[in-house]
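**Student:** Pasting a structure below so you can have a look.
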Amino acid sequence: MVGRFLLYLAVFTASYAVKAELYVFPAPSPEATTHTLNTEITLYEEQTLSAIEQKNIDLLIKDTYQTLDKSNATSALSEINQRYEGTLPAWLYSAIKRCEDWFNRTEGNISCRNGALYDYWAEYVQGKHGLSRREVRRLARVARIAEVNFNDDNSVAFASPIQWDLSEFTASLAVDRIAHYLTSINIRSYHISAQGLETHASNQGFSWQGTVAQEAVIQNGRATDAVSNPSTIAYIRPWQRPVLSTSKLASLEKGVLSHSDGWPSAKFQAISVADNAFEAMLLAHFSATKTAQQAMELVNANPSLALKLIDENGRVFTSNTYTARTSGKNKAEKNGHAISIDITLPLFDIADYRGPYVSVWISDEKNRLVKSLALRGTCERWLGELRTWWRRVGRKNEGLVDGFAGATKKNAPLHIEWDGLDDFGQSANSSSLILHVEVAREHGGRSYEKIPFTFDSLTSPITVTGTDEFASITLSLMN
């Protein structure tokens with residue numbers, strides 16, 4: 001099992017002239033063990049590491065992998081899984097507790113509890129049994145409903161269905177421990193890159209870019225407004241990765257294992273940004289298996305996160321914060337093409353009120369789709385009641401329903417920020433655009449409004465007062 005965690009940490013050198021020191025861990029030798037990372041760290045601003053500090057980093061990497069190695073019965077993780085309780089090293093206690101925070105935040109869609117589920121998949125890959133969807137759902141469910149108790153002394157107690165497994169996140173935790181150590185010894189400027197998992201960490205406000213054509217995340221220079229807070233980016237390509245792999249075997253099934261139902265999913269390539277590598281990878285796993293609306297709602301509610309998703313057809317979905325977090329300066333804002341859209345829905349005094357289906361999209365003057373912005377509703381039957389959207393967009397792009405649609409929400413207003421890019425991440429170059437808003441309510445009415453606009457016309461907000469199924473629509477240029 002250890003071999004699946006191997007990756008190569010390499011720094012992406014910047015395109016500017018800065019003195020840099022490169023360190024390799026461990027130093028090449030016949031004694032190099034398979035459970036350690038081959039690590040490179042680059043330091044800037046004439047910083048150096050002493051021999052003792054290099055040794056400490058080497059030991060830290062080994063300790064991370066040994067502690068989380070479930071195949072070793074004496075590892076800290078194996079011991080608590082055997083006893084269903086125990087006291088943990090502070091960093092591991094913090095990691096499990098943070099994972100539980102994500103577990104609660106995502107209603108069980110992100111979990112580090114699924115060790116039994118991963119063991120079942122490993123036995124399937126080894127040919128010990130067939131694959132039962134009912135069984136994987138059961139394993140995910142019993143772990144999901146079990147209780148966990150955390151104590152102030154770094155101890156944890158939990159019910160027996162839970163088996164902790166952080167194998168998908170081991171490399172990210174190693175990166176975070178390296179970054180924490182560098183900070184503790186007053187290293188002011190560093191860059192770490194985990195190429196195997198496409199995980200990159202920096203504390204210098206580096207400018208990041210996700211290059212889909214090259215299927216890679218590259219770093220293209222330091223932002224002019226460099227900050228002291230860490231920044232980490234993680235990248236998952238679900239169509240190319242086995243659901244489970246070891247040093248000897250890999251599953252034929254591709255995708256990311258959904259933590260909520262135990263089945264692989266591959267809705268999106270996910271490029272996620274967070275303040276640390278662990279949470280960036282947690283977000284990437286969640287986003288690769290959920291709809292774009294679900295993922296963006298989670299991210300847009302948390303300013304410390306940013307996200308970019310790409311579906312199999314090349315459509316791009318980005319959070320409100322993504323461009324600013326990854327390029328230092330918002331390219332859309334520089335072009336004056338970042339706009340906000342606010343849609344309010346009326347509240348009907350109806351006993352059996354049901355949330356409306358809503359579609360929001362932008363087209364050119366010939367009604368050709370430019371950007372899908374929002375789609376509330378997942379039932380295909382009722383999505384057809386969004387007649388204009390279905391005729392012009394939905395039936396031609398049915399993948400949007402599975403990968404983009406989100407649940408209906410009573411009369412909750414919609415706030416949408418659009419960066420001026422089309423569905424495929426290119427600048428919307430049409431001089432005349434149309435905002436379309438359509439609302440349909442089960443056992444209710446249907447309303448449709450279209451608002452022609454140009455970016456130049458938005459020096460003052462455009463507001464349209466609605467009738468029936470929507471109250472108002474406001475379109476304005478973002479500052």
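The way I read the labels, and the way they are meant: chains A, B, ... in the order of the structure tokens, residue 1 as the first residue of every chain, and ligand 1 as the first ligand shown, with later ones counted on from there.
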From stretch 276-327 of chain A, collect each residue whose DSSP state is alpha helix (DSSP H) and return the set as a list in words.

**Tutor:** Ala277, Phe278, Glu279, Ala280, Met281, Leu282, Leu283, Ala284, His285, Phe286, Ser287, Ala288, Thr289, Ala292, Gln293, Gln294, Ala295, Met296, Glu297, Leu298, Val299, Asn300, Tyr322, Thr323, Ala324, Arg325, Thr326 and Ser327 of chain A

**Student:** Excluding same-chain residues fewer than 3 positions from stretch 450-462 of chain A, what lies within 9 Å of it counting only C-alpha atoms, as number ranges by chain?

**Tutor:** A: 336-339, 365, 430-438, 473-477

**Student:** Could you pull the residues within 12 Å of A:Thr318, counting only C-alpha atoms, minus those fewer than 3 positions along the same chain, as a PDB file with N, CA, C and O atoms, in the first residue's frame?

**Tutor:**
```
ATOM      1  N   GLY A 210      -3.830  27.560 -14.073  1.00  0.00           N
ATOM      2  CA  GLY A 210      -4.194  26.205 -14.455  1.00  0.00           C
ATOM      3  C   GLY A 210      -4.217  26.108 -15.961  1.00  0.00           C
ATOM      4  O   GLY A 210      -5.025  26.742 -16.621  1.00  0.00           O
ATOM      5  N   PHE A 268     -15.553  16.045 -12.926  1.00  0.00           N
ATOM      6  CA  PHE A 268     -14.747  17.205 -13.274  1.00  0.00           C
ATOM      7  C   PHE A 268     -13.273  16.990 -12.998  1.00  0.00           C
ATOM      8  O   PHE A 268     -12.903  16.278 -12.067  1.00  0.00           O
ATOM      9  N   GLN A 269     -12.453  17.654 -13.798  1.00  0.00           N
ATOM     10  CA  GLN A 269     -11.109  17.981 -13.346  1.00  0.00           C
ATOM     11  C   GLN A 269     -11.282  19.112 -12.327  1.00  0.00           C
ATOM     12  O   GLN A 269     -12.048  20.046 -12.557  1.00  0.00           O
ATOM     13  N   ALA A 270     -10.576  19.025 -11.224  1.00  0.00           N
ATOM     14  CA  ALA A 270     -10.738  20.010 -10.156  1.00  0.00           C
ATOM     15  C   ALA A 270      -9.401  20.654  -9.844  1.00  0.00           C
ATOM     16  O   ALA A 270      -8.423  19.971  -9.552  1.00  0.00           O
ATOM     17  N   ILE A 271      -9.365  21.969  -9.922  1.00  0.00           N
ATOM     18  CA  ILE A 271      -8.199  22.742  -9.526  1.00  0.00           C
ATOM     19  C   ILE A 271      -8.634  23.581  -8.330  1.00  0.00           C
ATOM     20  O   ILE A 271      -9.456  24.486  -8.464  1.00  0.00           O
ATOM     21  N   SER A 272      -8.121  23.263  -7.156  1.00  0.00           N
ATOM     22  CA  SER A 272      -8.600  23.904  -5.938  1.00  0.00           C
ATOM     23  C   SER A 272      -7.485  24.669  -5.254  1.00  0.00           C
ATOM     24  O   SER A 272      -6.315  24.281  -5.315  1.00  0.00           O
ATOM     25  N   VAL A 273      -7.856  25.749  -4.592  1.00  0.00           N
ATOM     26  CA  VAL A 273      -6.909  26.606  -3.896  1.00  0.00           C
ATOM     27  C   VAL A 273      -7.370  26.775  -2.457  1.00  0.00           C
ATOM     28  O   VAL A 273      -8.549  27.027  -2.193  1.00  0.00           O
ATOM     29  N   SER A 287     -14.945  18.194  -5.001  1.00  0.00           N
ATOM     30  CA  SER A 287     -15.404  18.850  -6.220  1.00  0.00           C
ATOM     31  C   SER A 287     -15.365  17.937  -7.437  1.00  0.00           C
ATOM     32  O   SER A 287     -16.132  18.126  -8.381  1.00  0.00           O
ATOM     33  N   ALA A 292     -21.216  20.996 -10.247  1.00  0.00           N
ATOM     34  CA  ALA A 292     -20.542  22.287 -10.177  1.00  0.00           C
ATOM     35  C   ALA A 292     -21.262  23.225  -9.222  1.00  0.00           C
ATOM     36  O   ALA A 292     -20.630  23.971  -8.468  1.00  0.00           O
ATOM     37  N   GLN A 293     -22.591  23.207  -9.230  1.00  0.00           N
ATOM     38  CA  GLN A 293     -23.345  24.088  -8.342  1.00  0.00           C
ATOM     39  C   GLN A 293     -23.056  23.765  -6.880  1.00  0.00           C
ATOM     40  O   GLN A 293     -22.849  24.664  -6.060  1.00  0.00           O
ATOM     41  N   ALA A 295     -20.397  22.337  -5.596  1.00  0.00           N
ATOM     42  CA  ALA A 295     -19.021  22.706  -5.264  1.00  0.00           C
ATOM     43  C   ALA A 295     -18.879  24.215  -5.139  1.00  0.00           C
ATOM     44  O   ALA A 295     -18.241  24.721  -4.199  1.00  0.00           O
ATOM     45  N   MET A 296     -19.457  24.966  -6.075  1.00  0.00           N
ATOM     46  CA  MET A 296     -19.307  26.416  -6.048  1.00  0.00           C
ATOM     47  C   MET A 296     -20.026  27.043  -4.864  1.00  0.00           C
ATOM     48  O   MET A 296     -19.568  28.035  -4.293  1.00  0.00           O
ATOM     49  N   GLU A 297     -21.150  26.493  -4.468  1.00  0.00           N
ATOM     50  CA  GLU A 297     -21.851  27.019  -3.297  1.00  0.00           C
ATOM     51  C   GLU A 297     -20.989  26.874  -2.047  1.00  0.00           C
ATOM     52  O   GLU A 297     -20.917  27.778  -1.204  1.00  0.00           O
ATOM     53  N   VAL A 299     -17.650  26.691  -1.969  1.00  0.00           N
ATOM     54  CA  VAL A 299     -16.462  27.536  -2.076  1.00  0.00           C
ATOM     55  C   VAL A 299     -16.817  29.012  -1.952  1.00  0.00           C
ATOM     56  O   VAL A 299     -16.136  29.764  -1.244  1.00  0.00           O
ATOM     57  N   ASN A 300     -17.886  29.454  -2.597  1.00  0.00           N
ATOM     58  CA  ASN A 300     -18.236  30.869  -2.567  1.00  0.00           C
ATOM     59  C   ASN A 300     -18.652  31.333  -1.176  1.00  0.00           C
ATOM     60  O   ASN A 300     -18.635  32.533  -0.888  1.00  0.00           O
ATOM     61  N   LEU A 305     -11.162  29.813   0.103  1.00  0.00           N
ATOM     62  CA  LEU A 305     -11.115  28.771  -0.908  1.00  0.00           C
ATOM     63  C   LEU A 305     -11.347  29.354  -2.298  1.00  0.00           C
ATOM     64  O   LEU A 305     -11.979  30.397  -2.451  1.00  0.00           O
ATOM     65  N   ALA A 306     -10.837  28.655  -3.300  1.00  0.00           N
ATOM     66  CA  ALA A 306     -11.111  29.019  -4.693  1.00  0.00           C
ATOM     67  C   ALA A 306     -11.108  27.731  -5.511  1.00  0.00           C
ATOM     68  O   ALA A 306     -10.456  26.750  -5.143  1.00  0.00           O
ATOM     69  N   LEU A 307     -11.826  27.744  -6.632  1.00  0.00           N
ATOM     70  CA  LEU A 307     -12.022  26.489  -7.363  1.00  0.00           C
ATOM     71  C   LEU A 307     -12.259  26.744  -8.842  1.00  0.00           C
ATOM     72  O   LEU A 307     -12.937  27.691  -9.239  1.00  0.00           O
ATOM     73  N   LYS A 308     -11.668  25.855  -9.649  1.00  0.00           N
ATOM     74  CA  LYS A 308     -11.938  25.814 -11.086  1.00  0.00           C
ATOM     75  C   LYS A 308     -12.245  24.378 -11.468  1.00  0.00           C
ATOM     76  O   LYS A 308     -11.510  23.454 -11.094  1.00  0.00           O
ATOM     77  N   LEU A 309     -13.331  24.168 -12.208  1.00  0.00           N
ATOM     78  CA  LEU A 309     -13.734  22.843 -12.663  1.00  0.00           C
ATOM     79  C   LEU A 309     -13.787  22.819 -14.180  1.00  0.00           C
ATOM     80  O   LEU A 309     -14.183  23.804 -14.803  1.00  0.00           O
ATOM     81  N   ILE A 310     -13.404  21.688 -14.769  1.00  0.00           N
ATOM     82  CA  ILE A 310     -13.492  21.491 -16.211  1.00  0.00           C
ATOM     83  C   ILE A 310     -14.167  20.149 -16.463  1.00  0.00           C
ATOM     84  O   ILE A 310     -13.717  19.122 -15.935  1.00  0.00           O
ATOM     85  N   ASP A 311     -15.257  20.144 -17.229  1.00  0.00           N
ATOM     86  CA  ASP A 311     -15.917  18.867 -17.491  1.00  0.00           C
ATOM     87  C   ASP A 311     -15.319  18.190 -18.719  1.00  0.00           C
ATOM     88  O   ASP A 311     -14.396  18.707 -19.358  1.00  0.00           O
ATOM     89  N   ARG A 315     -15.990  22.441 -20.752  1.00  0.00           N
ATOM     90  CA  ARG A 315     -16.649  23.577 -20.116  1.00  0.00           C
ATOM     91  C   ARG A 315     -15.938  23.911 -18.811  1.00  0.00           C
ATOM     92  O   ARG A 315     -15.532  23.030 -18.069  1.00  0.00           O
ATOM     93  N   THR A 321     -13.875  33.604  -6.485  1.00  0.00           N
ATOM     94  CA  THR A 321     -12.546  34.020  -6.015  1.00  0.00           C
ATOM     95  C   THR A 321     -11.399  33.474  -6.849  1.00  0.00           C
ATOM     96  O   THR A 321     -10.248  33.835  -6.619  1.00  0.00           O
ATOM     97  N   TYR A 322     -11.685  32.613  -7.820  1.00  0.00           N
ATOM     98  CA  TYR A 322     -10.606  31.861  -8.446  1.00  0.00           C
ATOM     99  C   TYR A 322      -9.604  32.734  -9.201  1.00  0.00           C
ATOM    100  O   TYR A 322      -8.392  32.607  -9.019  1.00  0.00           O
ATOM    101  N   THR A 323     -10.091  33.611 -10.062  1.00  0.00           N
ATOM    102  CA  THR A 323      -9.172  34.387 -10.892  1.00  0.00           C
ATOM    103  C   THR A 323      -8.258  35.256 -10.044  1.00  0.00           C
ATOM    104  O   THR A 323      -7.051  35.326 -10.270  1.00  0.00           O
ATOM    105  N   ALA A 324      -8.837  35.919  -9.034  1.00  0.00           N
ATOM    106  CA  ALA A 324      -8.025  36.784  -8.180  1.00  0.00           C
ATOM    107  C   ALA A 324      -6.988  35.983  -7.402  1.00  0.00           C
ATOM    108  O   ALA A 324      -5.849  36.432  -7.230  1.00  0.00           O
ATOM    109  N   ARG A 325      -7.333  34.775  -6.940  1.00  0.00           N
ATOM    110  CA  ARG A 325      -6.409  33.970  -6.139  1.00  0.00           C
ATOM    111  C   ARG A 325      -5.292  33.366  -6.984  1.00  0.00           C
ATOM    112  O   ARG A 325      -4.204  33.089  -6.479  1.00  0.00           O
ATOM    113  N   THR A 326      -5.544  33.135  -8.272  1.00  0.00           N
ATOM    114  CA  THR A 326      -4.567  32.399  -9.066  1.00  0.00           C
ATOM    115  C   THR A 326      -3.745  33.261 -10.010  1.00  0.00           C
ATOM    116  O   THR A 326      -2.754  32.787 -10.558  1.00  0.00           O
ATOM    117  N   LYS A 371     -22.260  31.552 -21.914  1.00  0.00           N
ATOM    118  CA  LYS A 371     -21.897  31.065 -20.578  1.00  0.00           C
ATOM    119  C   LYS A 371     -23.142  30.622 -19.825  1.00  0.00           C
ATOM    120  O   LYS A 371     -24.117  31.367 -19.706  1.00  0.00           O
ATOM    121  N   SER A 372     -23.116  29.387 -19.294  1.00  0.00           N
ATOM    122  CA  SER A 372     -24.142  28.919 -18.365  1.00  0.00           C
ATOM    123  C   SER A 372     -23.751  29.392 -16.973  1.00  0.00           C
ATOM    124  O   SER A 372     -22.653  29.094 -16.500  1.00  0.00           O
ATOM    125  N   LEU A 373     -24.637  30.110 -16.304  1.00  0.00           N
ATOM    126  CA  LEU A 373     -24.300  30.718 -15.025  1.00  0.00           C
ATOM    127  C   LEU A 373     -24.941  30.018 -13.836  1.00  0.00           C
ATOM    128  O   LEU A 373     -24.356  29.963 -12.761  1.00  0.00           O
ATOM    129  N   ALA A 374     -26.156  29.524 -13.980  1.00  0.00           N
ATOM    130  CA  ALA A 374     -26.812  28.855 -12.851  1.00  0.00           C
ATOM    131  C   ALA A 374     -27.920  27.962 -13.381  1.00  0.00           C
ATOM    132  O   ALA A 374     -28.573  28.272 -14.386  1.00  0.00           O
ATOM    133  N   PHE A 404     -23.901  20.074 -13.691  1.00  0.00           N
ATOM    134  CA  PHE A 404     -24.007  21.481 -13.356  1.00  0.00           C
ATOM    135  C   PHE A 404     -25.205  21.793 -12.468  1.00  0.00           C
ATOM    136  O   PHE A 404     -25.160  22.685 -11.629  1.00  0.00           O
ATOM    137  N   ILE A 416     -24.692  36.072  -8.542  1.00  0.00           N
ATOM    138  CA  ILE A 416     -23.770  35.447  -9.484  1.00  0.00           C
ATOM    139  C   ILE A 416     -22.714  36.462  -9.880  1.00  0.00           C
ATOM    140  O   ILE A 416     -23.038  37.616 -10.190  1.00  0.00           O
ATOM    141  N   GLU A 417     -21.465  36.055  -9.839  1.00  0.00           N
ATOM    142  CA  GLU A 417     -20.376  36.892 -10.328  1.00  0.00           C
ATOM    143  C   GLU A 417     -19.797  36.235 -11.576  1.00  0.00           C
ATOM    144  O   GLU A 417     -19.404  35.072 -11.531  1.00  0.00           O
ATOM    145  N   TRP A 418     -19.763  36.982 -12.661  1.00  0.00           N
ATOM    146  CA  TRP A 418     -19.263  36.450 -13.940  1.00  0.00           C
ATOM    147  C   TRP A 418     -17.989  37.184 -14.322  1.00  0.00           C
ATOM    148  O   TRP A 418     -17.948  38.417 -14.338  1.00  0.00           O
ATOM    149  N   ASP A 419     -16.947  36.424 -14.644  1.00  0.00           N
ATOM    150  CA  ASP A 419     -15.639  37.011 -14.937  1.00  0.00           C
ATOM    151  C   ASP A 419     -15.453  37.405 -16.398  1.00  0.00           C
ATOM    152  O   ASP A 419     -14.360  37.779 -16.817  1.00  0.00           O
ATOM    153  N   GLY A 420     -16.503  37.309 -17.188  1.00  0.00           N
ATOM    154  CA  GLY A 420     -16.402  37.721 -18.584  1.00  0.00           C
ATOM    155  C   GLY A 420     -15.860  36.658 -19.507  1.00  0.00           C
ATOM    156  O   GLY A 420     -15.605  36.931 -20.691  1.00  0.00           O
ATOM    157  N   LEU A 421     -15.703  35.425 -19.006  1.00  0.00           N
ATOM    158  CA  LEU A 421     -15.194  34.326 -19.829  1.00  0.00           C
ATOM    159  C   LEU A 421     -16.344  33.410 -20.223  1.00  0.00           C
ATOM    160  O   LEU A 421     -17.305  33.229 -19.467  1.00  0.00           O
ATOM    161  N   ASP A 422     -16.227  32.781 -21.392  1.00  0.00           N
ATOM    162  CA  ASP A 422     -17.294  31.910 -21.855  1.00  0.00           C
ATOM    163  C   ASP A 422     -17.186  30.529 -21.229  1.00  0.00           C
ATOM    164  O   ASP A 422     -16.373  30.299 -20.326  1.00  0.00           O
ATOM    165  N   ASP A 423     -18.011  29.601 -21.684  1.00  0.00           N
ATOM    166  CA  ASP A 423     -18.059  28.254 -21.094  1.00  0.00           C
ATOM    167  C   ASP A 423     -16.736  27.517 -21.195  1.00  0.00           C
ATOM    168  O   ASP A 423     -16.513  26.548 -20.465  1.00  0.00           O
ATOM    169  N   PHE A 424     -15.850  27.941 -22.092  1.00  0.00           N
ATOM    170  CA  PHE A 424     -14.601  27.235 -22.303  1.00  0.00           C
ATOM    171  C   PHE A 424     -13.396  28.052 -21.853  1.00  0.00           C
ATOM    172  O   PHE A 424     -12.266  27.783 -22.237  1.00  0.00           O
ATOM    173  N   GLY A 425     -13.667  29.080 -21.020  1.00  0.00           N
ATOM    174  CA  GLY A 425     -12.593  29.843 -20.412  1.00  0.00           C
ATOM    175  C   GLY A 425     -11.984  30.909 -21.298  1.00  0.00           C
ATOM    176  O   GLY A 425     -10.933  31.463 -20.964  1.00  0.00           O
TER     177      GLY A 425
END
```

**Student:** Pick the closest to A:Glu469 from A:Leu375, A:Ala140, A:Ala277, A:Leu347: which is it, counting only C-alpha atoms?

**Tutor:** A:Leu347

**Student:** For A:Glu85, which residue out of A:Leu49, A:Leu131, A:Ile57, A:Ala159 is the nearest one, using only C-alpha atoms?

**Tutor:**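 The shortest atom-to-atom distance to A:Glu85 comes from A:Ala159.
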
**Student:** Would you compute the distance between atom CA of A:Glu40 and atom CA of A:Ser172? Give it in Å to one decimal.

**Tutor:**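 For atom CA of A:Glu40 relative to atom CA of A:Ser172, the distance reads 14.6 Å.
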
**Student:** Near stretch 100-104 of chain A, counting only C-alpha atoms, which residues have an atom at most 10 Å away, once you skip same-chain residues fewer than 4 positions from it, shown as a PDB file with N, CA and C atoms, in the first residue's frame?

**Tutor:**
```
ATOM      1  N   SER A  94      -4.943  17.018  14.654  1.00  0.00           N
ATOM      2  CA  SER A  94      -5.464  18.192  13.949  1.00  0.00           C
ATOM      3  C   SER A  94      -5.994  17.821  12.575  1.00  0.00           C
ATOM      4  N   ALA A  95      -5.281  16.945  11.857  1.00  0.00           N
ATOM      5  CA  ALA A  95      -5.709  16.549  10.513  1.00  0.00           C
ATOM      6  C   ALA A  95      -7.054  15.822  10.553  1.00  0.00           C
ATOM      7  N   ILE A  96      -7.202  14.867  11.488  1.00  0.00           N
ATOM      8  CA  ILE A  96      -8.457  14.120  11.582  1.00  0.00           C
ATOM      9  C   ILE A  96      -9.592  15.054  11.997  1.00  0.00           C
ATOM     10  N   GLY A 108     -21.142  14.720   5.047  1.00  0.00           N
ATOM     11  CA  GLY A 108     -20.595  13.382   4.841  1.00  0.00           C
ATOM     12  C   GLY A 108     -20.011  13.126   3.476  1.00  0.00           C
ATOM     13  N   ASN A 109     -19.943  14.151   2.621  1.00  0.00           N
ATOM     14  CA  ASN A 109     -19.408  13.958   1.277  1.00  0.00           C
ATOM     15  C   ASN A 109     -17.888  14.022   1.221  1.00  0.00           C
ATOM     16  N   ILE A 110     -17.243  14.461   2.295  1.00  0.00           N
ATOM     17  CA  ILE A 110     -15.797  14.327   2.450  1.00  0.00           C
ATOM     18  C   ILE A 110     -15.561  13.616   3.766  1.00  0.00           C
ATOM     19  N   SER A 111     -14.737  12.581   3.749  1.00  0.00           N
ATOM     20  CA  SER A 111     -14.565  11.769   4.939  1.00  0.00           C
ATOM     21  C   SER A 111     -13.185  11.125   4.976  1.00  0.00           C
ATOM     22  N   CYS A 112     -12.624  11.047   6.180  1.00  0.00           N
ATOM     23  CA  CYS A 112     -11.417  10.250   6.416  1.00  0.00           C
ATOM     24  C   CYS A 112     -11.758   8.998   7.215  1.00  0.00           C
ATOM     25  N   ARG A 113     -13.049   8.659   7.276  1.00  0.00           N
ATOM     26  CA  ARG A 113     -13.542   7.530   8.080  1.00  0.00           C
ATOM     27  C   ARG A 113     -13.596   6.212   7.303  1.00  0.00           C
ATOM     28  N   ARG A 144     -20.421   6.604   8.033  1.00  0.00           N
ATOM     29  CA  ARG A 144     -20.944   7.975   8.046  1.00  0.00           C
ATOM     30  C   ARG A 144     -21.779   8.251   9.291  1.00  0.00           C
ATOM     31  N   VAL A 148     -18.083  10.043  16.765  1.00  0.00           N
ATOM     32  CA  VAL A 148     -16.679  10.330  17.061  1.00  0.00           C
ATOM     33  C   VAL A 148     -16.632  11.373  18.171  1.00  0.00           C
ATOM     34  N   HIS A 259     -16.908   9.694  -1.223  1.00  0.00           N
ATOM     35  CA  HIS A 259     -16.889   9.309   0.184  1.00  0.00           C
ATOM     36  C   HIS A 259     -18.283   9.072   0.740  1.00  0.00           C
ATOM     37  N   SER A 260     -19.322   9.545   0.046  1.00  0.00           N
ATOM     38  CA  SER A 260     -20.677   9.399   0.573  1.00  0.00           C
ATOM     39  C   SER A 260     -21.349   8.095   0.166  1.00  0.00           C
ATOM     40  N   GLU A 279      -6.294  20.957   2.979  1.00  0.00           N
ATOM     41  CA  GLU A 279      -7.643  21.405   2.650  1.00  0.00           C
ATOM     42  C   GLU A 279      -7.813  21.602   1.144  1.00  0.00           C
ATOM     43  N   LEU A 282      -8.636  18.104   0.055  1.00  0.00           N
ATOM     44  CA  LEU A 282      -9.995  17.759   0.474  1.00  0.00           C
ATOM     45  C   LEU A 282     -11.013  18.381  -0.475  1.00  0.00           C
ATOM     46  N   LEU A 283     -10.815  19.655  -0.797  1.00  0.00           N
ATOM     47  CA  LEU A 283     -11.731  20.343  -1.701  1.00  0.00           C
ATOM     48  C   LEU A 283     -11.695  19.730  -3.099  1.00  0.00           C
ATOM     49  N   PHE A 286     -13.754  16.500  -3.086  1.00  0.00           N
ATOM     50  CA  PHE A 286     -15.183  16.801  -3.027  1.00  0.00           C
ATOM     51  C   PHE A 286     -15.686  17.281  -4.388  1.00  0.00           C
TER      52      PHE A 286
END
```

**Student:** Extract, using only C-alpha atoms, all DNA, RNA and protein residues at most 6 Å from stretch 232-238 of chain A, discarding same-chain residues fewer than 2 positions from it, and format them as number ranges by chain.

**Tutor:** A: 198-201, 240-241, 255-256, 266, 269-277, 280-281

**Student:** Quick one: everything within 10 Å of A:Leu383, counting only C-alpha atoms, minus sequence neighbours fewer than 5 positions away in the same chain. Send it as a VMD selection string.

**Tutor:** chain A and resid 357 to 359 375 to 378 389 to 390 394 401 405 439 to 441

**Student:** From a DSSP pass on the backbone, collect the residues of stretch 252-436 of chain A flagged as strand (DSSP E or B) and hand them back as number ranges by chain.

**Tutor:** A: 254, 256-257, 264-265, 269-274, 306-310, 316-318, 339-344, 357-364, 369-376, 406, 414-418, 421, 427, 433-436

**Student:** Please provide the set of residues having any atom within 10 Å of A:Phe150, restricted to only C-alpha atoms, with same-chain residues fewer than 5 positions apart removed, written as a PyMOL selection string.

**Tutor:** chain A and resi 85+87+93+96-97+155-158

**Student:** Looking at only C-alpha atoms, which of A:Thr64, A:Ser75, A:Thr388, A:Thr289 is the one that sits closest to A:Leu173?

**Tutor:**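 Of A:Thr64, A:Ser75, A:Thr388, A:Thr289, the one nearest A:Leu173 is A:Thr64, counting only C-alpha atoms.
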
**Student:** For A:Asp261, which of A:Ala288, A:Val136, A:Ile187, A:Val370 is the closest residue, counting only C-alpha atoms?

**Tutor:** A:Val136

**Student:** By how many Å are atom CA of A:Ala146 and atom CA of A:Pro161 apart?

**Tutor:** 6.6 Å

**Student:** With distances taken over only C-alpha atoms, which of A:Leu249, A:Ile185, A:Ala284, A:Arg392 is nearest to A:Ile52?

**Tutor:**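 Using only C-alpha atoms, the shortest distance to A:Ile52 belongs to A:Ile185.
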